[in-house]
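Next comes entry_5.txt, a file with compact mmCIF, C-alpha atoms.
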# COMPACT_ATOMS: atom_id res chain seq x y z
CA MET A 271 -86.57 130.31 171.70
CA ASP A 272 -85.11 133.75 172.21
CA ASN A 273 -86.33 136.69 170.32
CA ILE A 274 -84.09 139.44 169.06
CA ALA A 275 -85.34 141.98 171.58
CA SER A 276 -84.43 139.87 174.57
CA TYR A 277 -81.27 138.54 173.05
CA GLU A 278 -78.55 139.95 175.25
CA ASN A 279 -75.86 139.84 172.61
CA TRP A 280 -77.75 140.46 169.42
CA LYS A 281 -74.45 140.63 167.55
CA ASN A 282 -74.03 136.88 167.95
CA CYS A 283 -77.46 136.39 166.51
CA PHE A 284 -76.74 138.74 163.63
CA SER A 285 -73.34 137.15 163.00
CA GLU A 286 -75.11 133.89 162.31
CA ILE A 287 -77.88 135.12 160.07
CA GLY A 288 -76.34 138.36 158.75
CA PRO A 289 -74.44 136.96 155.73
CA GLY A 290 -77.49 135.03 154.56
CA LEU A 291 -79.76 138.01 155.08
CA LEU A 292 -77.37 140.23 153.18
CA LEU A 293 -77.13 137.76 150.32
CA PHE A 294 -80.92 137.56 150.19
CA ALA A 295 -81.19 141.36 150.09
CA ARG A 296 -78.64 141.49 147.30
CA GLN A 297 -81.20 139.83 145.03
CA TRP A 298 -82.87 143.22 144.63
CA THR A 299 -79.95 145.58 144.73
CA ARG A 300 -76.89 146.28 142.67
CA SER A 301 -74.64 147.34 145.51
CA ALA A 302 -73.76 145.82 148.86
CA ALA A 303 -74.36 149.21 150.48
CA ASP A 304 -78.01 149.22 149.41
CA ALA A 305 -78.39 145.65 150.62
CA GLU A 306 -76.94 146.59 154.00
CA ASP A 307 -79.42 149.48 154.26
CA ILE A 308 -82.25 147.03 153.66
CA VAL A 309 -80.95 144.47 156.14
CA GLN A 310 -80.45 147.14 158.78
CA GLU A 311 -83.97 148.46 158.38
CA ALA A 312 -85.48 144.97 158.40
CA PHE A 313 -83.50 143.75 161.38
CA VAL A 314 -84.29 146.82 163.50
CA LYS A 315 -87.94 146.67 162.49
CA PHE A 316 -88.07 143.01 163.45
CA TRP A 317 -86.36 143.72 166.77
CA ARG A 318 -88.64 146.69 167.51
CA ARG A 319 -91.74 144.56 167.08
CA ASN A 320 -90.51 141.83 169.42
CA HIS A 321 -90.87 139.12 166.82
CA GLN A 322 -89.33 135.78 167.64
CA ILE A 323 -86.14 135.02 165.79
CA SER A 324 -87.46 131.52 165.26
CA ASN A 325 -90.04 133.04 162.92
CA ARG A 326 -87.55 133.12 160.08
CA ALA A 327 -90.18 133.25 157.35
CA LEU A 328 -91.38 136.56 158.76
CA LEU A 329 -87.84 137.92 159.02
CA TYR A 330 -87.09 137.15 155.37
CA ALA A 331 -90.51 138.40 154.31
CA THR A 332 -89.66 141.66 156.10
CA VAL A 333 -86.37 141.90 154.20
CA ARG A 334 -88.17 141.24 150.94
CA SER A 335 -90.89 143.77 151.67
CA ILE A 336 -88.38 146.48 152.57
CA ALA A 337 -86.29 145.63 149.52
CA LEU A 338 -89.31 146.05 147.25
CA ASP A 339 -90.19 149.34 148.98
CA PHE A 340 -86.60 150.39 148.50
CA ILE A 341 -86.91 149.79 144.78
CA ARG A 342 -90.24 151.61 144.53
CA ARG A 343 -88.81 154.72 146.20
CA ASP A 344 -86.86 155.53 143.12
CA LYS A 345 -88.86 155.13 139.95
CA ARG A 346 -85.84 155.15 137.74
CA ARG A 347 -84.31 152.43 139.85
CA ALA A 348 -87.54 150.47 139.74
CA ARG A 349 -87.66 150.60 135.94
CA ARG A 350 -84.06 149.59 135.71
CA GLU A 351 -84.43 146.74 138.18
CA ALA A 352 -87.63 145.50 136.53
CA THR A 353 -85.85 145.34 133.21
CA VAL A 354 -82.92 143.62 134.78
CA PHE A 355 -85.08 141.06 136.57
CA ALA A 356 -87.08 140.34 133.45
CA GLU A 357 -83.96 139.64 131.47
CA ALA A 358 -82.16 137.90 134.35
CA ASP A 359 -79.21 140.17 133.84
CA PRO A 360 -76.14 138.51 135.35
CA THR A 361 -74.73 141.85 136.52
CA ILE A 362 -76.73 141.53 139.77
CA GLU A 363 -74.49 139.06 141.47
CA PRO A 364 -74.82 137.65 144.91
CA GLN A 365 -71.67 138.33 146.86
CA PHE A 366 -69.60 135.28 147.65
CA GLU A 367 -66.16 134.67 149.02
CA TRP A 368 -64.71 132.07 146.69
CA GLU A 369 -61.40 130.34 147.11
CA ASP A 370 -60.73 128.85 143.69
CA GLU A 371 -61.83 129.01 140.10
CA ALA A 372 -64.39 126.28 140.55
CA GLN A 373 -66.15 128.29 143.22
CA SER A 374 -65.89 131.41 141.12
CA ALA A 375 -67.58 129.60 138.22
CA LEU A 376 -70.25 128.31 140.57
CA ALA A 377 -70.91 131.82 141.90
CA ALA A 378 -71.17 133.12 138.36
CA ALA A 379 -73.60 130.33 137.47
CA VAL A 380 -75.76 131.17 140.49
CA SER A 381 -75.88 134.81 139.44
CA CYS A 382 -77.14 133.74 135.99
CA LEU A 383 -80.15 131.89 137.39
CA PRO A 384 -83.62 133.30 136.81
CA HIS A 385 -84.58 135.56 139.68
CA ASP A 386 -87.37 133.41 141.11
CA GLN A 387 -85.13 130.32 141.17
CA ARG A 388 -82.15 132.16 142.62
CA GLU A 389 -84.36 133.61 145.36
CA VAL A 390 -85.41 130.14 146.51
CA LEU A 391 -81.87 128.77 146.18
CA VAL A 392 -80.44 131.56 148.34
CA LEU A 393 -83.02 130.93 151.05
CA LYS A 394 -82.54 127.16 150.96
CA ILE A 395 -78.76 126.83 150.69
CA TRP A 396 -77.32 129.84 152.48
CA ASN A 397 -80.14 130.60 154.91
CA GLU A 398 -81.17 127.01 155.57
CA LEU A 399 -84.88 127.67 155.46
CA THR A 400 -87.31 124.81 154.99
CA PHE A 401 -89.59 124.80 151.96
CA SER A 402 -92.43 125.65 154.29
CA GLU A 403 -90.55 128.71 155.56
CA ILE A 404 -89.53 129.70 152.03
CA ALA A 405 -93.16 129.47 150.96
CA GLY A 406 -94.15 131.74 153.85
CA ALA A 407 -91.41 134.27 153.13
CA LEU A 408 -92.09 134.52 149.41
CA GLY A 409 -95.85 134.11 149.47
CA ILE A 410 -95.84 131.04 147.24
CA SER A 411 -96.89 127.45 147.77
CA GLN A 412 -94.55 124.90 149.24
CA ASN A 413 -94.66 122.85 146.02
CA THR A 414 -93.73 125.88 143.98
CA ALA A 415 -90.80 126.58 146.26
CA ALA A 416 -89.60 122.98 145.97
CA SER A 417 -89.94 122.90 142.20
CA ARG A 418 -88.13 126.22 141.79
CA TYR A 419 -85.32 124.80 143.89
CA ARG A 420 -85.08 121.70 141.73
CA TYR A 421 -85.17 123.80 138.56
CA ALA A 422 -82.38 125.97 139.96
CA LEU A 423 -80.19 122.95 140.71
CA ALA A 424 -80.87 121.45 137.31
CA HIS A 425 -80.09 124.77 135.69
CA LEU A 426 -76.81 125.02 137.59
CA LYS A 427 -75.82 121.46 136.84
CA LYS A 428 -76.42 122.01 133.17
CA SER A 429 -74.51 125.27 133.05
CA LEU A 430 -71.52 123.79 134.89
CA GLN A 431 -71.16 120.78 132.63
CA PRO A 432 -68.14 120.99 130.32
CA GLN A 433 -69.13 121.94 126.80
CA MET B 20 -79.42 110.80 148.15
CA ASN B 21 -80.53 112.66 145.10
CA ASP B 22 -78.77 113.63 141.90
CA PHE B 23 -77.98 117.06 143.20
CA SER B 24 -76.38 116.22 146.55
CA GLU B 25 -72.85 116.87 145.28
CA LEU B 26 -73.91 120.16 143.75
CA GLU B 27 -75.69 121.12 146.98
CA ASN B 28 -72.50 120.44 148.94
CA ASP B 29 -70.51 122.60 146.53
CA LEU B 30 -73.03 125.39 146.93
CA LYS B 31 -72.90 125.14 150.72
CA ALA B 32 -69.12 125.40 150.56
CA LEU B 33 -69.50 128.72 148.79
CA ARG B 34 -69.59 131.31 151.56
CA PRO B 35 -71.59 134.50 151.21
CA ALA B 36 -69.69 137.70 151.98
CA ARG B 37 -69.90 138.83 155.56
CA PRO B 38 -71.58 142.13 156.39
CA SER B 39 -69.24 145.03 156.92
CA PRO B 40 -68.40 145.91 160.55
CA VAL B 41 -70.04 149.27 159.91
CA LEU B 42 -73.37 147.51 159.55
CA PHE B 43 -73.10 146.17 163.10
CA GLU B 44 -72.43 149.68 164.36
CA ARG B 45 -75.29 151.11 162.35
CA ILE B 46 -77.75 148.56 163.68
CA GLU B 47 -76.54 149.11 167.22
CA GLU B 48 -76.94 152.86 166.77
CA ALA B 49 -80.43 152.42 165.36
CA MET B 50 -81.42 150.24 168.31
CA THR B 51 -79.96 152.75 170.76
CA GLU B 52 -81.83 155.59 169.10
CA ASP B 53 -84.96 153.53 169.21
CA ARG B 54 -84.59 153.15 172.97
CA LYS B 55 -83.94 156.89 173.34
CA VAL B 56 -87.04 157.75 171.38
CA SER B 57 -88.95 155.35 173.55
CA ALA B 58 -87.66 156.95 176.75
CA ALA B 59 -88.02 160.54 175.53
CA SER B 60 -91.59 160.27 174.37
CA ASN B 61 -93.00 157.33 176.19
CA SER B 62 -96.64 158.11 175.56
CA ARG B 63 -96.16 158.68 171.85
CA TRP B 64 -94.03 155.59 171.49
CA THR B 65 -96.45 153.52 173.48
CA TRP B 66 -99.14 154.80 171.21
CA ARG B 67 -97.17 153.75 168.15
CA ARG B 68 -96.46 150.35 169.62
CA PHE B 69 -100.11 150.02 170.43
CA THR B 70 -101.20 150.82 166.89
CA GLU B 71 -98.61 148.50 165.42
CA TRP B 72 -99.68 145.78 167.78
CA SER B 73 -103.32 146.23 166.95
CA ARG B 74 -102.64 146.50 163.22
CA SER B 75 -100.67 143.28 163.15
CA ARG B 76 -103.06 141.22 165.22
CA ALA B 77 -106.53 142.38 164.39
CA SER B 78 -108.09 141.91 161.02
CA ASP B 79 -111.30 143.55 162.05
CA ILE B 80 -111.05 147.20 162.98
CA GLU B 81 -114.17 147.08 165.11
CA GLY B 82 -112.80 144.27 167.24
CA ARG B 83 -109.46 145.99 167.41
CA LEU B 84 -110.98 149.22 168.65
CA GLY B 85 -113.06 147.33 171.19
CA ARG B 86 -110.02 145.53 172.55
CA ALA B 87 -108.07 148.76 172.72
CA LYS B 88 -110.82 150.35 174.77
CA GLU B 89 -111.05 147.44 177.17
CA GLY B 90 -107.40 146.55 177.50
CA ARG B 91 -105.61 149.87 177.76
CA PRO B 92 -105.24 151.94 180.94
CA LEU B 93 -106.71 155.42 180.80
CA THR B 94 -103.76 157.81 180.70
CA PRO B 95 -104.15 161.62 180.95
CA PHE B 96 -103.32 161.79 177.24
CA ARG B 97 -106.13 159.42 176.33
CA LEU B 98 -108.48 161.01 178.81
CA GLY B 99 -107.89 164.37 177.12
CA ILE B 100 -108.46 162.88 173.70
CA GLY B 101 -111.57 161.15 174.96
CA LEU B 102 -113.00 164.35 176.39
CA ALA B 103 -112.24 166.26 173.21
CA ALA B 104 -113.80 163.50 171.13
CA ALA B 105 -116.87 163.45 173.37
CA ALA B 106 -117.26 167.23 173.03
CA ALA B 107 -117.02 166.96 169.25
CA ALA B 108 -119.55 164.14 169.23
CA VAL B 109 -122.00 166.11 171.36
CA ALA B 110 -121.66 169.13 169.08
CA LEU B 111 -122.37 166.95 166.03
CA LEU B 112 -125.30 165.34 167.82
CA ILE B 113 -126.88 168.69 168.68
CA ALA B 114 -126.46 169.86 165.11
CA ARG B 115 -128.11 166.67 163.85
CA ILE B 116 -130.97 166.95 166.34
CA ASN B 117 -131.68 170.52 165.32
CA THR B 118 -131.79 169.50 161.68
CA ASP B 119 -134.17 166.63 162.35
CA GLN B 120 -136.37 168.79 164.53
CA THR B 121 -136.76 171.31 161.74
CA ARG B 122 -137.60 168.54 159.29
CA ASN B 123 -140.22 167.08 161.63
CA GLU B 124 -141.91 170.42 162.12
CA ASP B 125 -142.03 170.97 158.36
CA THR B 126 -143.50 167.53 157.84
CA GLU B 127 -146.23 168.11 160.38
CA ILE B 128 -147.33 171.24 158.56
CA ALA B 129 -147.37 169.58 155.15
CA GLN B 130 -148.95 166.23 156.08
CA ASP B 131 -151.83 164.98 158.17
CA SER B 132 -149.81 162.12 159.55
CA PRO B 133 -147.01 163.08 161.93
CA SER B 134 -144.90 160.12 160.80
CA SER B 135 -141.96 161.27 158.77
CA GLN B 136 -139.66 159.40 156.42
CA THR B 137 -136.66 161.04 158.03
CA LYS B 138 -136.53 159.53 161.46
CA PRO B 139 -134.54 161.32 164.13
CA ILE B 140 -131.25 159.75 165.10
CA LEU B 141 -132.41 159.35 168.71
CA PRO B 142 -135.72 157.45 169.06
CA SER B 143 -136.40 158.76 172.55
CA PHE B 144 -136.19 162.35 171.42
CA SER B 145 -139.68 163.87 171.42
CA GLY B 146 -139.27 167.62 171.50
CA ARG B 147 -137.03 170.57 172.07
CA SER B 148 -137.34 170.27 175.83
CA GLY B 149 -136.15 166.66 175.66
CA VAL B 150 -132.74 167.40 174.23
CA ASP B 151 -130.87 167.39 177.50
CA GLU B 152 -132.68 164.29 178.68
CA SER B 153 -132.03 162.35 175.49
CA MET B 154 -128.40 163.41 175.40
CA SER B 155 -127.85 162.14 178.88
CA SER B 156 -129.14 158.69 177.95
CA ASN B 157 -128.24 158.49 174.28
CA LYS B 158 -124.84 159.96 173.78
CA PHE B 159 -121.86 159.10 171.66
CA VAL B 160 -118.92 157.90 173.67
CA PRO B 161 -115.39 157.42 172.35
CA SER B 162 -114.96 153.81 171.39
CA GLY B 163 -111.49 153.77 169.93
CA ALA B 164 -108.71 155.41 168.06
CA THR B 165 -105.89 154.30 165.82
CA GLN B 166 -102.80 155.97 164.53
CA VAL B 167 -101.22 154.05 161.69
CA VAL B 168 -97.68 155.12 160.83
CA TYR B 169 -97.36 154.35 157.14
CA ASN B 170 -94.08 156.11 156.45
CA THR B 171 -91.06 157.12 158.50
CA ARG B 172 -88.32 159.19 156.95
CA ASN B 173 -84.92 159.97 158.42
CA GLU B 174 -84.11 163.49 157.26
CA GLY B 175 -80.61 163.48 158.66
CA LEU B 176 -78.80 165.48 161.29
CA GLN B 177 -79.19 169.18 161.92
CA PHE B 178 -78.24 171.78 164.51
CA ALA B 179 -80.98 173.72 166.22
CA ASP B 180 -80.49 177.44 166.86
CA GLY B 181 -78.01 177.97 169.67
CA SER B 182 -77.49 174.26 170.19
CA LYS B 183 -74.13 172.55 169.84
CA GLN B 184 -75.62 169.10 169.96
CA PRO B 185 -76.76 167.60 166.66
CA LEU B 186 -80.37 166.54 166.31
CA ARG B 187 -81.74 163.81 164.13
CA ARG B 188 -84.84 164.87 162.24
CA LEU B 189 -87.47 162.14 161.76
CA ARG B 190 -90.69 162.66 159.86
CA TYR B 191 -93.64 160.37 160.58
CA GLN B 192 -96.63 160.24 158.25
CA THR B 193 -99.68 158.77 159.88
CA GLN B 194 -103.37 158.14 159.35
CA GLN B 195 -105.41 158.86 162.46
CA THR B 196 -108.89 157.48 162.99
CA TRP B 197 -111.26 158.36 165.84
CA GLN B 198 -114.49 156.57 166.52
CA TRP B 199 -117.50 157.18 168.73
CA ARG B 200 -120.43 154.88 169.38
CA ASN B 201 -123.90 155.39 170.71
CA ALA B 202 -124.69 152.34 172.83
CA SER B 203 -128.44 153.02 172.78
CA THR B 204 -128.94 153.36 169.05
CA GLY B 205 -125.93 151.39 167.85
CA ALA B 206 -124.94 154.33 165.66
CA SER B 207 -121.25 155.01 165.20
CA LEU B 208 -119.25 157.95 163.98
CA ARG B 209 -115.79 157.69 162.51
CA VAL B 210 -113.40 160.47 161.53
CA SER B 211 -110.18 159.70 159.67
CA TYR B 212 -107.51 162.09 158.50
CA PRO B 213 -103.82 162.06 157.54
CA SER B 214 -101.25 163.77 159.72
CA GLU B 215 -97.55 164.43 159.69
CA GLU B 216 -95.20 164.75 162.63
CA VAL B 217 -91.59 165.89 162.75
CA VAL B 218 -89.50 164.75 165.72
CA LEU B 219 -86.04 166.02 166.63
CA ILE B 220 -83.98 163.55 168.64
CA PRO B 221 -80.72 164.61 170.29
CA VAL B 222 -77.78 162.57 169.10
CA SER B 223 -75.03 161.91 171.59
CA GLY B 224 -71.46 161.60 170.43
CA GLN B 225 -70.65 158.33 172.10

Written as structure tokens, how would this file's structure read?
Amino acid sequence: MDNIASYENWKNCFSEIGPGLLLFARQWTRSAADAEDIVQEAFVKFWRRNHQISNRALLYATVRSIALDFIRRDKRRARREATVFAEADPTIEPQFEWEDEAQSALAAAVSCLPHDQREVLVLKIWNELTFSEIAGALGISQNTAASRYRYALAHLKKSLQPQ
Amino acid sequence: MNDFSELENDLKALRPARPSPVLFERIEEAMTEDRKVSAASNSRWTWRRFTEWSRSRASDIEGRLGRAKEGRPLTPFRLGIGLAAAAAAVALLIARINTDQTRNEDTEIAQDSPSSQTKPILPSFSGRSGVDESMSSNKFVPSGATQVVYNTRNEGLQFADGSKQPLRRLRYQTQQTWQWRNASTGASLRVSYPSEEVVLIPVSGQ
């Protein structure tokens, strides 16, 4: 398997994983610009250290680590984000490109998920990580990752049912 | 099939927004700068890569330092550091020997028995005339060094005096650790201190 450093056209590699990485980074930021800063730093750091691109758990763990550092840099931001995460404020929305109202409602429902469930869902659905890789990236057990995923789906299903 | 397969398919159909084209350019620029830094200061960059490598792979600092000593070629930079470290170690050793010698002499005056509770650091040392001899056999030799970069800050572009080319100012905050070991006694000496380094990298307008 190629690693990023030896990948001749790294743009192809980034085109594949970039949207998912960006969506994952958006879990900790309010703006796409901040998320792009995090992804850039993580990707370059990963490339600089010659890590294998197949080690996706490490790549996403790097994004998460840099995102948390990013939050800590600004104490006011950290307080604000902590409050937001605790209350699962729906204003932090993952960015999606929806085509109809049904997709728009689905995107809104995803943004209303508790943070720990949304984190697992983003890694599983849009980054196609296995539960083992998710567990490695988030520092949780595989069973916890799987149960959070199931809770997230159940939560979504319930919220999308007609009242 | 599970109860959520339809929902999973709907979720997969929802496409995350693509990164802006600017992000591609920014990453490419960062990678290019990284290569330039590597070429401009090869020894320093090699040193950083070495510390990162050792930090990521070794859980035990002793083993890490030992591997670094065995596995790395001796460059003029490291030779200079090694000589400086050896000189510092010798100076500390002489200071310690003098202190112990004074203590031993005091003990001999106060007690009948020459045995003292404060044993000298070098067992073979037996008198003032033996200093050179003991140092030649029992000396501290550099056994390793690490430089851990724990923070890197990009302080933006600036123009140096008289220069038309912009320079990017990077600030590295590091923790440096030097270690010496006496193979005869097994004693080791470790000095650790924080340091800060500012690097100016020319930015080309390509």

message: My list of candidates is B:Glu215, B:Asp180, B:Asp29, B:Glu174. Which is closest to chain A when distances are computed with all atoms listed in the file?
response: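 Among B:Glu215, B:Asp180, B:Asp29, B:Glu174, it is B:Asp29 that comes nearest to chain A.
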
Within 10 Å of chain A: residues of chain B, using all atoms listed in the file, as a ChimeraX atom specification: /B:22-24,26-39,41-47,49-50,53-54,68,71-72,75

- prompt: From the list A:Ala422, A:Ala312, A:Ala327, A:Ala379, which residue is nearest Leu399 of chain A when using only C-alpha atoms?
  reply: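 Result for the nearest residue to Leu399 of chain A: A:Ala327.
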
- prompt: Could you state the separation of atom CA of Val167 of chain B and atom CA of Thr193 of chain B in Å, given to one decimal place?
  reply: 5.3 Å

When you look at Val160 of chain B with a cut-off of 6 Å (counting all atoms listed in the file), what residues show up, excluding the ones that are within fewer than 2 positions of it in the same chain? I need them as an mmCIF file with C-alpha atoms, in the frame of the given file.
data_model
loop_
_atom_site.group_PDB
_atom_site.id
_atom_site.type_symbol
_atom_site.label_atom_id
_atom_site.label_comp_id
_atom_site.auth_asym_id
_atom_site.auth_seq_id
_atom_site.Cartn_x
_atom_site.Cartn_y
_atom_site.Cartn_z
ATOM 1 C CA ALA B 105 -116.870 163.450 173.370
ATOM 2 C CA TRP B 199 -117.500 157.180 168.730
ATOM 3 C CA ARG B 200 -120.430 154.880 169.380
#

task: Work out how far atom CA of Gln192 of chain B is from atom CA of Leu102 of chain B, in Å to one decimal.
output: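 It comes out at 24.8 Å.
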
field: Interatomic distance (Å, one decimal) between atom CA of Gly99 of chain B and atom CA of Ile220 of chain B
entry: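 Result for atom CA of Gly99 of chain B versus atom CA of Ile220 of chain B: 25.4 Å, one decimal.
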
message: I want to know what sits within 12 Å of Ser402 of chain A, based on all atoms listed in the file, with residues of the same chain fewer than 5 positions away left out; could you give that as a list of chain:residue names?
response: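 My list of contacting residues is A:Asn325, A:Arg326, A:Ala327, A:Leu328, A:Val390, A:Leu393, A:Lys394, A:Ala407, A:Leu408, A:Gly409, A:Ile410, A:Ser411, A:Gln412, A:Asn413, A:Thr414, A:Ala415, A:Ala416.
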
Point (-89.9, 162.2, 161.0), cut-off 6 Å, counting only C-alpha atoms, residues as a VMD selection string: chain B and resid 171 to 172 188 to 191 217 to 218

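Residue nearest Ala206 of chain B within the list B:Ala104, B:Pro40, B:Asn157, B:Gln194: B:Asn157 [criterion: smallest interatomic distance, only C-alpha atoms].
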
Report as an mmCIF file with C-alpha atoms, keeping the file's coordinate frame all protein, DNA and RNA residues lying within 10 Å of Trp197 of chain B, evaluated on all atoms listed in the file, omitting residues in the same chain fewer than 2 positions from it.
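The resulting file, part-v5.cif, is reproduced below:
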data_model
loop_
_atom_site.group_PDB
_atom_site.id
_atom_site.type_symbol
_atom_site.label_atom_id
_atom_site.label_comp_id
_atom_site.auth_asym_id
_atom_site.auth_seq_id
_atom_site.Cartn_x
_atom_site.Cartn_y
_atom_site.Cartn_z
ATOM 1 C CA LEU B 84 -110.980 149.220 168.650
ATOM 2 C CA ILE B 100 -108.460 162.880 173.700
ATOM 3 C CA GLY B 101 -111.570 161.150 174.960
ATOM 4 C CA ALA B 104 -113.800 163.500 171.130
ATOM 5 C CA PRO B 161 -115.390 157.420 172.350
ATOM 6 C CA SER B 162 -114.960 153.810 171.390
ATOM 7 C CA GLY B 163 -111.490 153.770 169.930
ATOM 8 C CA ALA B 164 -108.710 155.410 168.060
ATOM 9 C CA THR B 165 -105.890 154.300 165.820
ATOM 10 C CA GLN B 166 -102.800 155.970 164.530
ATOM 11 C CA GLN B 195 -105.410 158.860 162.460
ATOM 12 C CA TRP B 199 -117.500 157.180 168.730
ATOM 13 C CA LEU B 208 -119.250 157.950 163.980
ATOM 14 C CA ARG B 209 -115.790 157.690 162.510
ATOM 15 C CA VAL B 210 -113.400 160.470 161.530
ATOM 16 C CA SER B 211 -110.180 159.700 159.670
ATOM 17 C CA TYR B 212 -107.510 162.090 158.500
#

- request: Extract, using all atoms listed in the file, all DNA, RNA and protein residues at most 6 Å from Arg187 of chain B, discarding same-chain residues fewer than 2 positions from it, and format them as an MDAnalysis selection string.
  value: chainID B and resid 175:176 219:220

- prompt: Any idea what's packed within 10 Å of Asp304 of chain A, counting all atoms listed in the file, ignoring anything in its chain fewer than 4 positions away? Could you give it as a list in words?
  reply: Leu292, Ala295, Arg296, Trp298, Thr299, Arg300, Ile308, Val309, Gln310, Ala337 and Phe340 of chain A

- prompt: Between B:Leu186, B:Glu48, B:Ala107, B:Val168, which one has atoms that come closest to Val222 of chain B, using all atoms listed in the file?
  reply: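 Of all the options, B:Leu186 lies closest to Val222 of chain B.
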